[in-house]
Number of protein chains: 2
Amino acid sequence: MIELYWKNATSQVIGPDHGITPGELSGLGDRMAAAQRAVDGQVRQGKLGYTTLPARRDYRDGVAALVAKLRPWCGDLVVLGIGGSALGNIALQTALNPITYNLQSDASRGGPRLFVLDNVDPTLLKDTLSLLSRRLNKTVFNVISKSGETAETASQFMIIRELLRDRLGNEFSKHIVATTDAEKGTLNKIARQDGYEMLIVPGDVGGRFSVLSQVGLFSAAMCGIDIDALLAGAAAMADRCTAADWTSNPACMLAAVQFLAYTTKGKPMHVMMPYSNRLYLLADWYRQLWAESLGKAVHRNGQPAFVGPTPIKALGTTDQHSQVQLYREGPNDKLVIFVEVEKHPEEVRIPEVFAEAPGLAYLAKQKMSKLLNAEKIATEYALAKSQRPSVTIRWPAITPENVGAFIYLYEYTTSLMGELLDIDAYDQPAVELGKQATFALMGRQGFEEVAKEMRPFIKPDKKYLL
Amino acid sequence: MIELYWKNATSQVIGPDHGITPGELSGLGDRMAAAQRAVDGQVRQGKLGYTTLPARRDYRDGVAALVAKLRPWCGDLVVLGIGGSALGNIALQTALNPITYNLQSDASRGGPRLFVLDNVDPTLLKDTLSLLSRRLNKTVFNVISKSGETAETASQFMIIRELLRDRLGNEFSKHIVATTDAEKGTLNKIARQDGYEMLIVPGDVGGRFSVLSQVGLFSAAMCGIDIDALLAGAAAMADRCTAADWTSNPACMLAAVQFLAYTTKGKPMHVMMPYSNRLYLLADWYRQLWAESLGKAVHRNGQPAFVGPTPIKALGTTDQHSQVQLYREGPNDKLVIFVEVEKHPEEVRIPEVFAEAPGLAYLAKQKMSKLLNAEKIATEYALAKSQRPSVTIRWPAITPENVGAFIYLYEYTTSLMGELLDIDAYDQPAVELGKQATFALMGRQGFEEVAKEMRPFIKPDKKYLL
């Protein structure tokens, strides 16, 4: 079971300037109770669609049926999606399959290679398509977009549909799975016309909360990940997150620590630092969840807010040799969220060699996982000695259950944080202007006024160019 | 030629609260002149070894000779290194070779596959070794460590040397290249005893400034990267960085903007955001350079400092769907450093399809690179509309020359920043305690006192575990 350890964020360990005091914690009680009530109420009113996902057998069964049909012949799976239609897919794959998965032979892998093309970099697309060129007859493209009008995903999709038609003729539509709105929208329409297999982006779940819907489950199941275990882990965590006593509720305590660190301890940066390469990209999923949900200019009553902790990703031990100098000696402005794995998927033992080198003798005969986990404790200790707060999310092992639990834990914590910060955690109004500006630059009709206003930004002013 | 564009960090565009005013800039003049003099002086006195690297023919020739010897038979190259012995290698490889490089067939790649194992995660090591198991006779391991006692690199090396001896017998030493101190240290000694090929970690260049030494050049040249062009680009930038008029010197202006943003405009977070997947991991190299060099607790006179902007990496367009909501509506506490490429290595044109979908018509017949670069300008514009400062580092194309120039630009800028902040940019004292704590936990002799002090950190206190 995933556990939260928060002692090293307390005043007892790092003093009251930077550590949370018992008084601050108990002082949060009423507010936390209100947040719990509010979120519980939203769940009961059916407003938080993501909380229903662990129990959605229909979504799960739809994925399983499609996987049974496609997996026997699929050698490569390419996800076309961005943001919430990509980060969860990447996180599941990297957490639960070998680091070298795509490099293994077709025979030794459990499923197709997976490519998630979450950018419109032409080099990314061209390089990937060159690689797949001779295997297109075994390739499935999963285009994920609620509306079908996300510029990045739509442009990739337009290119790939044309390529498939050109190369595979009438068979092309068998190579596309559209994950989109169940009833309406551009992609829904195209998918029906062309006759693609279809999966659903739930109407009541925002993109960044959608990983446990068909958005994330399909690519995971195609690559052999046990999605039942994933959902079971999320369901088990959902139970823990509804515990009434907030001091024994992991979502409440995590929200409490991150909220108090942010609001009263001057810690605007919340660094997630897994000590595991496999879990590193879960931190990218967390970055979106945290940044888009909590980075808001207004409170729910319309008053200015401009709040939001900045989520940062780091990797242990790697970033000990990159970031920890700053984390210990720079401004005391960070909360570090360690992610620690007790039993790693693989183990290697260090042999007894170089007996004549005194600086290496201590490594002989030790497990490499012991070194990795020792370095985590060492960093935690070193941070504490500099009065820098940290919490640890402890995983007994990297399993689909624990990945599901971790995801649900952070989603629910985000809902609570939205209440504590008194902002709307489910919109993203600031993204709109960039979209309009892109339309303007691409010459879309109706955006001529924006284009005019953007003129000073298009050509660099030579006075400031060197 | 790489150019710096800084208009969108000025008060003219985003107002005086968050933008740099002409007065603030001219007010920095004396201090910048002093910083330039100080760094120039250090260069002339031979104190900044990294500035000599672009002209070190001996280092370059040593690499070229070794590459000529190994490349004909090497199918896989594995770098064992961490921090400055890994991040530069990764950045060069990802910037200058195809994104799918390791996935291509041996025949279509220009050189060996490259694996940089910059962590002691046993799963990373085991997965990689499983993949290489049948190809060890074609594999070269490049172990990079100045002393040979870096725990992460040493433990990997111990495992791999044993494996190679076991599998290849007396031939094993031909499969190891040691990049280490030229004269002394544990790895130097082992390399001589075992008879490895050797390359040099220069004694006068810190790890995070070492990418243009044999540390970074060997893996790059093995993978077909033109290291002469890389060094030439760095040399050309070195010339530009010594321009006396600081307002036309890119390193000075970059330092000025980042320094003023940090000290007077309340921007503790400096986000590097390339609009190119190939250049994304240059941001990891920047993260180490910036964090370890500038995150310091004391000024050079010993007075408390606790300074250092936090470097953050982001990727355009991808992070528009993850971070930009926060960047625009959260606290105005970031400076964004865009990295923009004018001509991308590959191009794809969007076809004219879905004429019946009005929301997609504007994409038809457009180049994908146009969309990518339009989104960059759109984001820059959207940030400016919210009074958020940004600068852009413009690359005409992704070439070895421009990678070399970018690296040198940031190294020199870091030296200037060290002067402006009045800290020692070349040490990393805060890393020491973590190392000692690791020794203590691993049972190394002489660290019993630290082990005792760490006791409360080893076993979780159940009271804070849930």
# chains A, B, ... in the order shown; residues from 1 in each chain; ligands from 1

$ select_by_dssp --residues "stretch 206-285 of chain A" --states "helix (DSSP H, G or I)" --output "NGL selection string"
:A and (207-209 or 214-222 or 227-241 or 246-248 or 250-263 or 277-279 or 282-285)

$ residues_around --residues "A:Thr242" --least-positions-apart "5" --cutoff "10 Å" --atoms "only C-alpha atoms" --output "JSON, numbers by chain"
{"A": [36, 37, 39, 40, 237, 249, 250, 251, 252, 412]}

$ write_last_selection --atoms "N, CA and C atoms" --output "mmCIF file, in the first residue's frame"
data_model
loop_
_atom_site.group_PDB
_atom_site.id
_atom_site.type_symbol
_atom_site.label_atom_id
_atom_site.label_comp_id
_atom_site.auth_asym_id
_atom_site.auth_seq_id
_atom_site.Cartn_x
_atom_site.Cartn_y
_atom_site.Cartn_z
ATOM 1 N N GLN A 36 -13.247 18.922 2.522
ATOM 2 C CA GLN A 36 -13.702 17.527 2.385
ATOM 3 C C GLN A 36 -15.194 17.471 2.075
ATOM 4 N N ARG A 37 -15.959 18.255 2.825
ATOM 5 C CA ARG A 37 -17.406 18.274 2.590
ATOM 6 C C ARG A 37 -17.727 18.726 1.172
ATOM 7 N N VAL A 39 -15.830 18.627 -1.563
ATOM 8 C CA VAL A 39 -15.443 17.641 -2.583
ATOM 9 C C VAL A 39 -16.377 16.430 -2.514
ATOM 10 N N ASP A 40 -16.656 15.967 -1.317
ATOM 11 C CA ASP A 40 -17.600 14.850 -1.170
ATOM 12 C C ASP A 40 -18.945 15.189 -1.825
ATOM 13 N N MET A 237 -7.607 3.318 -3.306
ATOM 14 C CA MET A 237 -7.187 4.640 -2.825
ATOM 15 C C MET A 237 -8.390 5.557 -2.656
ATOM 16 N N ASN A 249 -6.145 10.571 6.611
ATOM 17 C CA ASN A 249 -6.557 10.483 5.211
ATOM 18 C C ASN A 249 -5.391 10.992 4.345
ATOM 19 N N PRO A 250 -4.806 10.129 3.514
ATOM 20 C CA PRO A 250 -3.575 10.537 2.813
ATOM 21 C C PRO A 250 -3.776 11.732 1.879
ATOM 22 N N ALA A 251 -4.929 11.823 1.226
ATOM 23 C CA ALA A 251 -5.160 12.970 0.342
ATOM 24 C C ALA A 251 -5.243 14.258 1.153
ATOM 25 N N CYS A 252 -5.923 14.206 2.276
ATOM 26 C CA CYS A 252 -6.031 15.405 3.124
ATOM 27 C C CYS A 252 -4.667 15.825 3.666
ATOM 28 N N TYR A 412 -7.361 13.385 -6.278
ATOM 29 C CA TYR A 412 -8.228 13.800 -5.164
ATOM 30 C C TYR A 412 -7.577 14.929 -4.357
#

$ select_by_dssp --residues "stretch 93-230 of chain A" --states "strand (DSSP E)" --output "list in words"
Arg113, Leu114, Phe115, Val116, Leu117, Thr139, Val140, Phe141, Asn142, Val143, Ile144, Ile176, Val177, Ala178, Thr179, Thr180, Glu197, Met198, Leu199 and Ile200 of chain A

$ write_last_selection --atoms "C-alpha atoms" --output "PDB file, in the first residue's frame"
ATOM      1  CA  ARG A 113       5.950  -0.671 -29.471  1.00  0.00           C
ATOM      2  CA  LEU A 114       4.406   2.554 -28.203  1.00  0.00           C
ATOM      3  CA  PHE A 115       5.070   6.040 -29.552  1.00  0.00           C
ATOM      4  CA  VAL A 116       3.288   9.032 -28.052  1.00  0.00           C
ATOM      5  CA  LEU A 117       3.650  11.989 -30.394  1.00  0.00           C
ATOM      6  CA  THR A 139       0.606  -0.038 -37.099  1.00  0.00           C
ATOM      7  CA  VAL A 140      -2.367   1.385 -35.213  1.00  0.00           C
ATOM      8  CA  PHE A 141      -2.764   5.128 -34.725  1.00  0.00           C
ATOM      9  CA  ASN A 142      -4.834   6.159 -31.715  1.00  0.00           C
ATOM     10  CA  VAL A 143      -5.922   9.751 -32.200  1.00  0.00           C
ATOM     11  CA  ILE A 144      -7.149  11.256 -28.941  1.00  0.00           C
ATOM     12  CA  ILE A 176      -7.067   4.256 -36.785  1.00  0.00           C
ATOM     13  CA  VAL A 177      -8.735   4.269 -33.394  1.00  0.00           C
ATOM     14  CA  ALA A 178     -10.437   7.541 -32.538  1.00  0.00           C
ATOM     15  CA  THR A 179     -10.798   8.381 -28.852  1.00  0.00           C
ATOM     16  CA  THR A 180     -13.191  11.295 -28.772  1.00  0.00           C
ATOM     17  CA  GLU A 197     -12.997   1.956 -34.144  1.00  0.00           C
ATOM     18  CA  MET A 198     -14.013   4.445 -31.474  1.00  0.00           C
ATOM     19  CA  LEU A 199     -13.353   4.976 -27.791  1.00  0.00           C
ATOM     20  CA  ILE A 200     -14.708   7.659 -25.532  1.00  0.00           C
TER      21      ILE A 200
END

$ closest_residue --among "A:Asp204, A:Asp30, A:Asp76, A:Asp427" --to "chain B" --atoms "only C-alpha atoms"
A:Asp427

$ residues_around --residues "B:Tyr101" --least-positions-apart "6" --cutoff "12 Å" --atoms "only C-alpha atoms" --output "ChimeraX atom specification"
/A:103,124,127-128,130-131 /B:76,93-95,107-115,223-224,278

$ closest_residue --among "B:Gly330, B:Gly81, B:Leu217, B:Pro72" --to "A:Ile423" --atoms "only C-alpha atoms"
B:Gly330

$ closest_residue --among "B:Ala397, B:Ala235, B:Leu282, B:Ala154" --to "chain A" --atoms "only C-alpha atoms"
B:Ala154

$ closest_atom_pairs --of "stretch 206-298 of chain B" --to "stretch 384-393 of chain B" --cutoff "9 Å" --atoms "only C-alpha atoms" --output "CSV"
residue,atom,partner,partner_atom,distance
B:Leu254,CA,B:Val391,CA,8.5
B:Val257,CA,B:Val391,CA,8.3
B:Ala261,CA,B:Pro389,CA,8.3
B:Pro274,CA,B:Ile393,CA,8.9

$ write_last_selection --atoms "C-alpha atoms" --output "mmCIF file, in the first residue's frame"
data_model
loop_
_atom_site.group_PDB
_atom_site.id
_atom_site.type_symbol
_atom_site.label_atom_id
_atom_site.label_comp_id
_atom_site.auth_asym_id
_atom_site.auth_seq_id
_atom_site.Cartn_x
_atom_site.Cartn_y
_atom_site.Cartn_z
ATOM 1 C CA LEU B 254 21.436 37.332 -21.310
ATOM 2 C CA VAL B 257 18.076 40.001 -18.234
ATOM 3 C CA ALA B 261 14.566 39.410 -13.586
ATOM 4 C CA PRO B 274 12.650 24.948 -26.482
#

$ closest_residue --among "A:Thr21, A:Thr123, A:Thr153, A:Thr51" --to "chain B" --atoms "only C-alpha atoms"
A:Thr123
